[in-house]
Amino acid sequence: MTSPTGEPHAAGDTLRGGPRRRHVRTGVPLPLLLPALIGVAFLIVPLIALLVRTPWHSLPEQLTSAEVWQALRLSLLCATAATVVSLVIGVPLAWLLARVEFPGRGLVRALVTLPLVLPPVVGGVALLMALGRNGIVGQWLDSWFGITLPFTTAGVVIAEAFVAMPFLVISVEGTLRAADPRYEEAAATLGASRFTAFRRVTLPLIAPGIAAGAVLAWARALGEFGATITFAGNFPGRTQTMPLAVYLALQSDPEAAIALSLVLLAVSIAVLAGLRDRWMRAG
């Protein structure tokens with residue numbers, strides 16, 4: 001038997017009712033496999049070393065000390081407050097970038113995402129220049145309202161929100177761009193105002209993106225170090241968060257630093273586990 005192109009079919013192909021499929025080799029090339037394995041080791045070995053070096057025998061004592069709980073409580077409180085601030089001003093900002101055409105939108109988006117790549121210490125210096133007692137905004141806050149933000153707990157919240165909010169904005173803006181705007185248009189044709197359509201239609205549609213962005217922002221705020229120590233300082237009970245406590249303990253008590261690092265590692269794993277389903281659905 002021959003094919004429509006005149007080429008003979010194999011007898012086995014005729015018996016199987018169709019042409020034999022060619023076997024595709026799926027092996028991994030060695031020039032790609034070796035760098036990939038090195039990359040995995042580069043990322044995982046330090047974490048394994050942290051677990052290996054953890055003083056498990058004294059870990060309960062380390063984690064139950066008053067200093068650790070003080071830093072942990074302050075970290076959780078400030079990270080949560082920073083996330084709330086990011087939600088209140090970040091979600092409207094993401095909607096503006098995704099739904100409204102205006103001159104310079106690309107520049108605004110670039111400036112909003114700049115803290116993602118800006119060194120955190122530089123971000124702290126920028127906050128001091130803006131909100132410090134002699135800052136371009138801080139001097140008016142101090143003289144008019146008596147509000148001083150640097151080296152206070154509120155300063156920690158502001159520093160963490162500054163570096164964490166871009167994560168929320170990017171996540172929500174991406175979700176808004178993927179959402180079908182025809183639902184909002186249908187609500188508008190039924191008499192709903194733009195804000196009502198946003199509140200009753202858009203928010204439920206983008207709720208998963210907001211949740212994912214909030215979790216990422218919270219995790220980033222929890223691990224913030226550079227902007228916090230530059231803008232808010234390192235005062236126990238007032239501005240000393242967990243990353244700052246790790247840095248301080250590393251100089252005098254390495255075992256305590258490892259124990260504190262283990263807590264932050266556990267929180268990071270919990271965040272990844274919480275976002276796992278969303279990432280799998282996106283994949």
# chains A, B, ... in the order shown; residues from 1 in each chain; ligands from 1
>>> residues_around(residues="Tyr183 in chain A", least_positions_apart="5", cutoff="9 Å", atoms="only C-alpha atoms", output="ChimeraX atom specification")
/A:188,197,201-202
>>> select_by_dssp(residues="range 105-188 of chain A", states="alpha helix (DSSP H)", output="PyMOL selection string")
chain A and resi 105-117+120-131+138-140+153-178+182-188
>>> atom_distance(atom1="CA of Ala221 in chain A", atom2="CA of Leu51 in chain A")
23.5 Å
>>> closest_atom_pairs(of="range 106-210 of chain A", to="range 233-240 of chain A", cutoff="9 Å", atoms="only C-alpha atoms", output="Markdown table")
| residue | atom | partner | partner_atom | distance |
| --- | --- | --- | --- | --- |
| A:Pro150 | CA | A:Gly233 | CA | 7.8 |
| A:Phe151 | CA | A:Gly233 | CA | 5.2 |
| A:Thr152 | CA | A:Thr239 | CA | 6.2 |
| A:Thr153 | CA | A:Thr239 | CA | 5.4 |
| A:Ala154 | CA | A:Thr239 | CA | 8.7 |
| A:Gly155 | CA | A:Thr239 | CA | 8.1 |
| A:Val156 | CA | A:Thr239 | CA | 6.3 |
>>> write_last_selection(atoms="C-alpha atoms", output="PDB file, in the first residue's frame")
ATOM      1  CA  PRO A 150      11.516  58.697  61.634  1.00  0.00           C
ATOM      2  CA  PHE A 151      12.654  56.327  64.390  1.00  0.00           C
ATOM      3  CA  THR A 152       9.096  55.474  65.414  1.00  0.00           C
ATOM      4  CA  THR A 153       6.867  52.434  64.962  1.00  0.00           C
ATOM      5  CA  ALA A 154       4.865  54.405  62.398  1.00  0.00           C
ATOM      6  CA  GLY A 155       8.129  54.935  60.547  1.00  0.00           C
ATOM      7  CA  VAL A 156       8.599  51.155  60.379  1.00  0.00           C
TER       8      VAL A 156
END
>>> closest_residue(among="A:Leu176, A:Ala266, A:Val157, A:Val246", to="Leu74 in chain A", atoms="only C-alpha atoms")
A:Val157
>>> atom_distance(atom1="CA of Pro120 in chain A", atom2="CA of Ala164 in chain A")
10.8 Å
>>> closest_residue(among="A:Thr228, A:Thr241, A:Ser143, A:Thr113", to="Ile158 in chain A", atoms="only C-alpha atoms")
A:Thr228
>>> atom_distance(atom1="CA of Leu93 in chain A", atom2="CA of Val121 in chain A")
24.6 Å
